[in-house]
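Input: a single structure, listed below in structure tokens.
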Amino acid sequence: MRLLTWELRKIWSLGILAAILLLGAVYYWMFPEFYIEYFCNGPAEQAEFQLASEWVERYGPTLEPEERAELDVQLAEEIKEFGRQIAAIPEAAAAGLADYGAFFQFREAYYSDRAASDGKADMDMEYLLSRVYGGTNWYIIRELQYTMELYDTKEERSALVISGRREEGQPEAMIHREEQLAEPERAHSLLPISMEGPTREYGKDLAVWCVLSVVLLLCPTLVRDRMRRTRSMQWTSRRGRPILTAQMAAALCSALVLTIVNLVIYAIPFLAQDPLRFRDCGLGGIWEWSAPWFDWTYGAYLMVLAGLILALSLAAAGLTVFLSQYSGSYIAMLLKALPLFAAVGAVLGSWLLDKPFTFRRFWENGPWVPKGTEFAVIAVLLLLGLGLCILACFRQQRRELLD
């Protein structure tokens, strides 16, 4: 135990930690911060998020047929409110726009004229439209109408999707799953589509950072001892014989701790946007996320993504310490660490977290990803990383003396 504690102290050096903290701050500012600052990017997504939040609180995770009828009443109330709000806009009053119907006809007429004039915009008209958009509940009304249309036509659209998949000759498992998703209990989830982009992109950036930080932390683990020629001295004593096992155990424990810390730190700004209000909503639903393979709720989906990132980080840790023992200098280890990070983090990590566990292709126009492929890929990678570490420990124990 004392040997393991000493190896942990060697890994968690102040210099390495300072470098990881500095690089982590720069990385967060450059990449994932965007998806927090613009969590719902644009007024339309903000209106969708607001409506979905209100409905989840009022109706629960799904919108039932009897609850759908209440949306007609809500739409009528919003249109009345639009009339009161547009009356307070002087430019709209001067143009004779007193209610929703008048403004809608005015807007359609303007866009028709603009299309007829090769798309040339009238800046005064654009300003007027912008004033009304920003000063009224226009986006709320539009998203409410759009949701009602999606709900009312869900059955017809699902039938078209299923028939289209059959005509294209797509895998039978996908067609069968699409039929399952068309069932009312799965089709009427209130999880907004505006949640899909931030969840996907933020998760991809987090996966890449977790791999990068683990590689940086563990790169010097075995290189340092080899450069200082301490291995031979360690092997002259009985207690020093299992040193490699202790070093690899310390490395994997460190990777586990660092990844958990990363997950917690990244979770704080993400959860501050209150996505967990949709934790009981199923994937897919009215707004149609990418078709999911599993009947997870959004909360369960986030937990699965966290587990996927954790397993990816442990696999990267195993591969890093395995390569580290065969490096005689920091430069040599860096030349191994860069392609390792590129392959495991930038490429594989980004791919795994890009709409995982949904209908997608391996690459553009490539074959379809079978159900559960992500689990299989991460299991193979994890077994490879841990297996190489175990193999290295076994081989080293059989040697008389290390160089």
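Following the order of the structure tokens, first chain is A, next is B, and so on, with residues numbered from 1 inside each chain and ligands from 1 in the order they appear.
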**Request:** Find the residues around Met333 (chain A) up to 8 Å (only C-alpha atoms counted), leave out those fewer than 2 positions away in its own chain, and share them as a list in words.
**Result:**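 Using only C-alpha atoms, the neighbours found are Cys219, Pro220, Val223, Leu323, Ser324, Ser327, Gly328, Ser329, Tyr330, Ile331, Leu335, Lys336 and Ala337 of chain A.
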Atoms to include: N, CA and C atoms. Write the selected residues as a PDB file, in the first residue's frame.
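selection.pdb was written with the following content:
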ATOM      1  N   CYS A 219       1.691  10.370 -19.096  1.00  0.00           N
ATOM      2  CA  CYS A 219       2.851  10.239 -19.997  1.00  0.00           C
ATOM      3  C   CYS A 219       4.179  10.035 -19.257  1.00  0.00           C
ATOM      4  N   PRO A 220       4.458  10.836 -18.223  1.00  0.00           N
ATOM      5  CA  PRO A 220       5.776  10.690 -17.577  1.00  0.00           C
ATOM      6  C   PRO A 220       5.853   9.534 -16.582  1.00  0.00           C
ATOM      7  N   VAL A 223       8.364   6.797 -17.884  1.00  0.00           N
ATOM      8  CA  VAL A 223       9.520   7.381 -18.573  1.00  0.00           C
ATOM      9  C   VAL A 223      10.512   7.942 -17.566  1.00  0.00           C
ATOM     10  N   LEU A 323       2.562   2.211 -23.314  1.00  0.00           N
ATOM     11  CA  LEU A 323       3.543   2.806 -24.223  1.00  0.00           C
ATOM     12  C   LEU A 323       4.650   3.525 -23.463  1.00  0.00           C
ATOM     13  N   SER A 324       4.305   4.039 -22.289  1.00  0.00           N
ATOM     14  CA  SER A 324       5.278   4.799 -21.512  1.00  0.00           C
ATOM     15  C   SER A 324       6.481   3.958 -21.105  1.00  0.00           C
ATOM     16  N   SER A 327       9.463   3.906 -23.604  1.00  0.00           N
ATOM     17  CA  SER A 327       9.994   5.199 -24.045  1.00  0.00           C
ATOM     18  C   SER A 327      11.179   5.578 -23.173  1.00  0.00           C
ATOM     19  N   GLY A 328      12.295   5.886 -23.802  1.00  0.00           N
ATOM     20  CA  GLY A 328      13.497   6.218 -23.056  1.00  0.00           C
ATOM     21  C   GLY A 328      13.655   7.689 -22.774  1.00  0.00           C
ATOM     22  N   SER A 329      12.772   8.535 -23.326  1.00  0.00           N
ATOM     23  CA  SER A 329      12.854   9.975 -23.090  1.00  0.00           C
ATOM     24  C   SER A 329      11.465  10.573 -23.243  1.00  0.00           C
ATOM     25  N   TYR A 330      11.347  11.817 -22.780  1.00  0.00           N
ATOM     26  CA  TYR A 330      10.054  12.491 -22.892  1.00  0.00           C
ATOM     27  C   TYR A 330       9.680  12.742 -24.354  1.00  0.00           C
ATOM     28  N   ILE A 331      10.670  13.017 -25.168  1.00  0.00           N
ATOM     29  CA  ILE A 331      10.402  13.241 -26.593  1.00  0.00           C
ATOM     30  C   ILE A 331       9.855  11.975 -27.230  1.00  0.00           C
ATOM     31  N   LEU A 335       6.102  11.495 -28.871  1.00  0.00           N
ATOM     32  CA  LEU A 335       5.842  11.018 -30.237  1.00  0.00           C
ATOM     33  C   LEU A 335       4.850   9.854 -30.249  1.00  0.00           C
ATOM     34  N   LYS A 336       4.755   9.136 -29.144  1.00  0.00           N
ATOM     35  CA  LYS A 336       3.742   8.076 -29.030  1.00  0.00           C
ATOM     36  C   LYS A 336       2.419   8.638 -28.532  1.00  0.00           C
ATOM     37  N   ALA A 337       2.479   9.636 -27.631  1.00  0.00           N
ATOM     38  CA  ALA A 337       1.262  10.172 -27.018  1.00  0.00           C
ATOM     39  C   ALA A 337       0.405  10.943 -28.015  1.00  0.00           C
TER      40      ALA A 337
END
Distance query Gln247 (chain A) at most 8 Å, only C-alpha atoms, self and fewer than 4 positions along chain excluded, as a CSV table (one decimal) with N, CA, C and O atoms, in the first residue's frame:
chain,number,residue,atom,x,y,z
A,4,LEU,N,2.1,1.9,-3.5
A,4,LEU,CA,1.0,2.5,-4.3
A,4,LEU,C,0.9,4.0,-4.0
A,4,LEU,O,0.7,4.8,-4.9
A,7,GLU,N,3.7,5.9,-5.6
A,7,GLU,CA,3.5,6.1,-7.0
A,7,GLU,C,2.5,7.1,-7.3
A,7,GLU,O,2.6,7.8,-8.3
A,8,LEU,N,1.4,7.1,-6.5
A,8,LEU,CA,0.4,8.2,-6.8
A,8,LEU,C,1.0,9.6,-6.6
A,8,LEU,O,0.6,10.5,-7.3
A,221,THR,N,4.8,8.8,-16.4
A,221,THR,CA,4.7,7.8,-15.3
A,221,THR,C,5.9,6.8,-15.3
A,221,THR,O,6.6,6.7,-14.3
A,222,LEU,N,6.2,6.2,-16.4
A,222,LEU,CA,7.3,5.2,-16.4
A,222,LEU,C,8.5,5.7,-17.1
A,222,LEU,O,9.6,5.2,-16.9
A,243,ILE,N,7.0,-3.5,-8.6
A,243,ILE,CA,6.9,-2.0,-8.8
A,243,ILE,C,6.0,-1.7,-10.0
A,243,ILE,O,5.2,-0.7,-10.0
A,251,ALA,N,-1.6,4.4,-11.9
A,251,ALA,CA,-1.9,5.2,-13.1
A,251,ALA,C,-3.4,5.0,-13.4
A,251,ALA,O,-4.1,6.0,-13.8
**Item:** Residue nearest Glu78 (chain A) among A:Phe270, A:Tyr133, A:Tyr139, A:Tyr301 (counting only C-alpha atoms)
**Value:**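 Of A:Phe270, A:Tyr133, A:Tyr139, A:Tyr301, the one nearest Glu78 (chain A), counting only C-alpha atoms, is A:Tyr139.
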**Request:** Based on DSSP run over this structure's backbone, return all residues of region 236-379 of chain A in alpha helix (DSSP H), as an MDAnalysis selection string.
**Result:** chainID A and resid 243:271 298:324 330:341 350:352 373:379
Distance query Leu216 (chain A) at most 9 Å, only C-alpha atoms, self and fewer than 6 positions along chain excluded, as a PDB file with N, CA, C and O atoms, in the first residue's frame:
ATOM      1  N   ILE A  16       2.709  18.955 -13.546  1.00  0.00           N
ATOM      2  CA  ILE A  16       1.749  18.344 -14.467  1.00  0.00           C
ATOM      3  C   ILE A  16       0.341  18.877 -14.200  1.00  0.00           C
ATOM      4  O   ILE A  16      -0.409  19.189 -15.130  1.00  0.00           O
ATOM      5  N   ALA A  19      -0.076  22.356 -15.592  1.00  0.00           N
ATOM      6  CA  ALA A  19      -0.200  22.333 -17.057  1.00  0.00           C
ATOM      7  C   ALA A  19      -1.598  21.881 -17.483  1.00  0.00           C
ATOM      8  O   ALA A  19      -2.194  22.445 -18.413  1.00  0.00           O
ATOM      9  N   ILE A  20      -2.126  20.860 -16.801  1.00  0.00           N
ATOM     10  CA  ILE A  20      -3.464  20.357 -17.138  1.00  0.00           C
ATOM     11  C   ILE A  20      -4.528  21.413 -16.839  1.00  0.00           C
ATOM     12  O   ILE A  20      -5.451  21.623 -17.634  1.00  0.00           O
ATOM     13  N   ALA A 337       2.479   9.636 -27.631  1.00  0.00           N
ATOM     14  CA  ALA A 337       1.262  10.172 -27.018  1.00  0.00           C
ATOM     15  C   ALA A 337       0.405  10.943 -28.015  1.00  0.00           C
ATOM     16  O   ALA A 337      -0.827  10.877 -27.959  1.00  0.00           O
TER      17      ALA A 337
END
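Nearest residue to Trp12 (chain A) among A:Leu383, A:Leu218, A:Asn137, A:Gly345 is A:Leu218, counting only C-alpha atoms.
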**Prompt:** Separation of CA of Phe357 (chain A) and CA of Val257 (chain A), in Å?
**Reply:**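 These atoms are spaced 26.3 Å apart.
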**Message:** Quick check, in Å to one decimal: how far apart do CA of Phe341 (chain A) and CA of Pro370 (chain A) lie?
**Reply:** 25.8 Å
**Request:** Using only C-alpha atoms, pick whichever of A:Leu308, A:Ala115, A:Leu314, A:Ala246 has the shortest atom-to-atom distance to Leu258 (chain A).
**Result:**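 The shortest atom-to-atom distance to Leu258 (chain A) comes from A:Leu314.
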**Proximity to Ile79 (chain A) - best of A:Gln170, A:Thr373, A:Gln273, A:Gln145, only C-alpha atoms** =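 Nearest candidate to Ile79 (chain A) out of A:Gln170, A:Thr373, A:Gln273, A:Gln145: A:Gln145.
Excluding Lys371 (chain A) itself and same-chain residues fewer than 3 positions from it, the residues having an atom within 9 Å of it are Ala173, Met174, Trp293, Phe294, Phe357, Thr358, Phe359 and Glu374 of chain A, counting only C-alpha atoms.
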Serialized selection, C-alpha atoms, as a PDB file, in the first residue's frame:
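Contents of result-v6.pdb, freshly written:
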ATOM      1  CA  ALA A 173     -33.782  -4.202 -37.433  1.00  0.00           C
ATOM      2  CA  MET A 174     -33.988  -0.477 -38.132  1.00  0.00           C
ATOM      3  CA  TRP A 293     -31.973   2.077 -30.378  1.00  0.00           C
ATOM      4  CA  PHE A 294     -32.860   1.892 -26.681  1.00  0.00           C
ATOM      5  CA  PHE A 357     -26.954   4.603 -29.754  1.00  0.00           C
ATOM      6  CA  THR A 358     -29.048   6.073 -32.590  1.00  0.00           C
ATOM      7  CA  PHE A 359     -29.484   5.286 -36.272  1.00  0.00           C
ATOM      8  CA  GLU A 374     -20.722   1.680 -29.210  1.00  0.00           C
TER       9      GLU A 374
END
**Message:** Please list as a list in words every residue within 10 Å of Pro65 (chain A), counting only C-alpha atoms and excluding residues in the same chain fewer than 6 positions away.
**Reply:**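 Non-adjacent residues within range: Tyr151, Asp152, Pro184 and His188 of chain A.
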**Item:** Near-Cys210 (chain A) list (12 Å; only C-alpha atoms; drop same-chain fewer than 3 positions) as number ranges by chain
**Value:** A: 20, 23-24, 27-28, 203-207, 213-217, 255-266, 306, 308-317, 341, 344-346, 349-350
**Message:** So that I can check the surroundings of Arg200 (chain A), please list as a list in words every protein, DNA and RNA residue that reaches within 9 Å of it, counting only C-alpha atoms and ignoring chain neighbours fewer than 5 positions away.
**Reply:** Met195, Asp205, Leu353, Asp354, Lys355 and Pro356 of chain A
**Request:** Quote the spacing between CA of Asp99 (chain A) and CA of Gly134 (chain A) in Å to one decimal place.
**Result:**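 That distance, rounded to one decimal, is 15.4 Å.
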For the contact check between region 186-299 of chain A and region 36-49 of chain A, emit one row per residue of region 186-299 of chain A within 7 Å, containing the shortest atom pair and the distance in Å rounded to one decimal, counting only C-alpha atoms, chain then rising number order, as CSV.
residue,atom,partner,partner_atom,distance
A:Pro192,CA,A:Phe49,CA,6.4
A:Ser194,CA,A:Glu45,CA,5.7
A:Pro198,CA,A:Phe39,CA,6.1
A:Pro269,CA,A:Ile36,CA,6.9
A:Phe270,CA,A:Ile36,CA,6.5
Keeping C-alpha atoms, export the residues of the selection given above as a PDB file, in the first residue's frame.
ATOM      1  CA  PRO A 192     -37.260  19.118 -27.193  1.00  0.00           C
ATOM      2  CA  SER A 194     -33.080  21.868 -28.983  1.00  0.00           C
ATOM      3  CA  PRO A 198     -25.810  20.853 -26.927  1.00  0.00           C
ATOM      4  CA  PRO A 269     -22.372  24.483 -16.095  1.00  0.00           C
ATOM      5  CA  PHE A 270     -24.350  21.953 -18.125  1.00  0.00           C
TER       6      PHE A 270
END
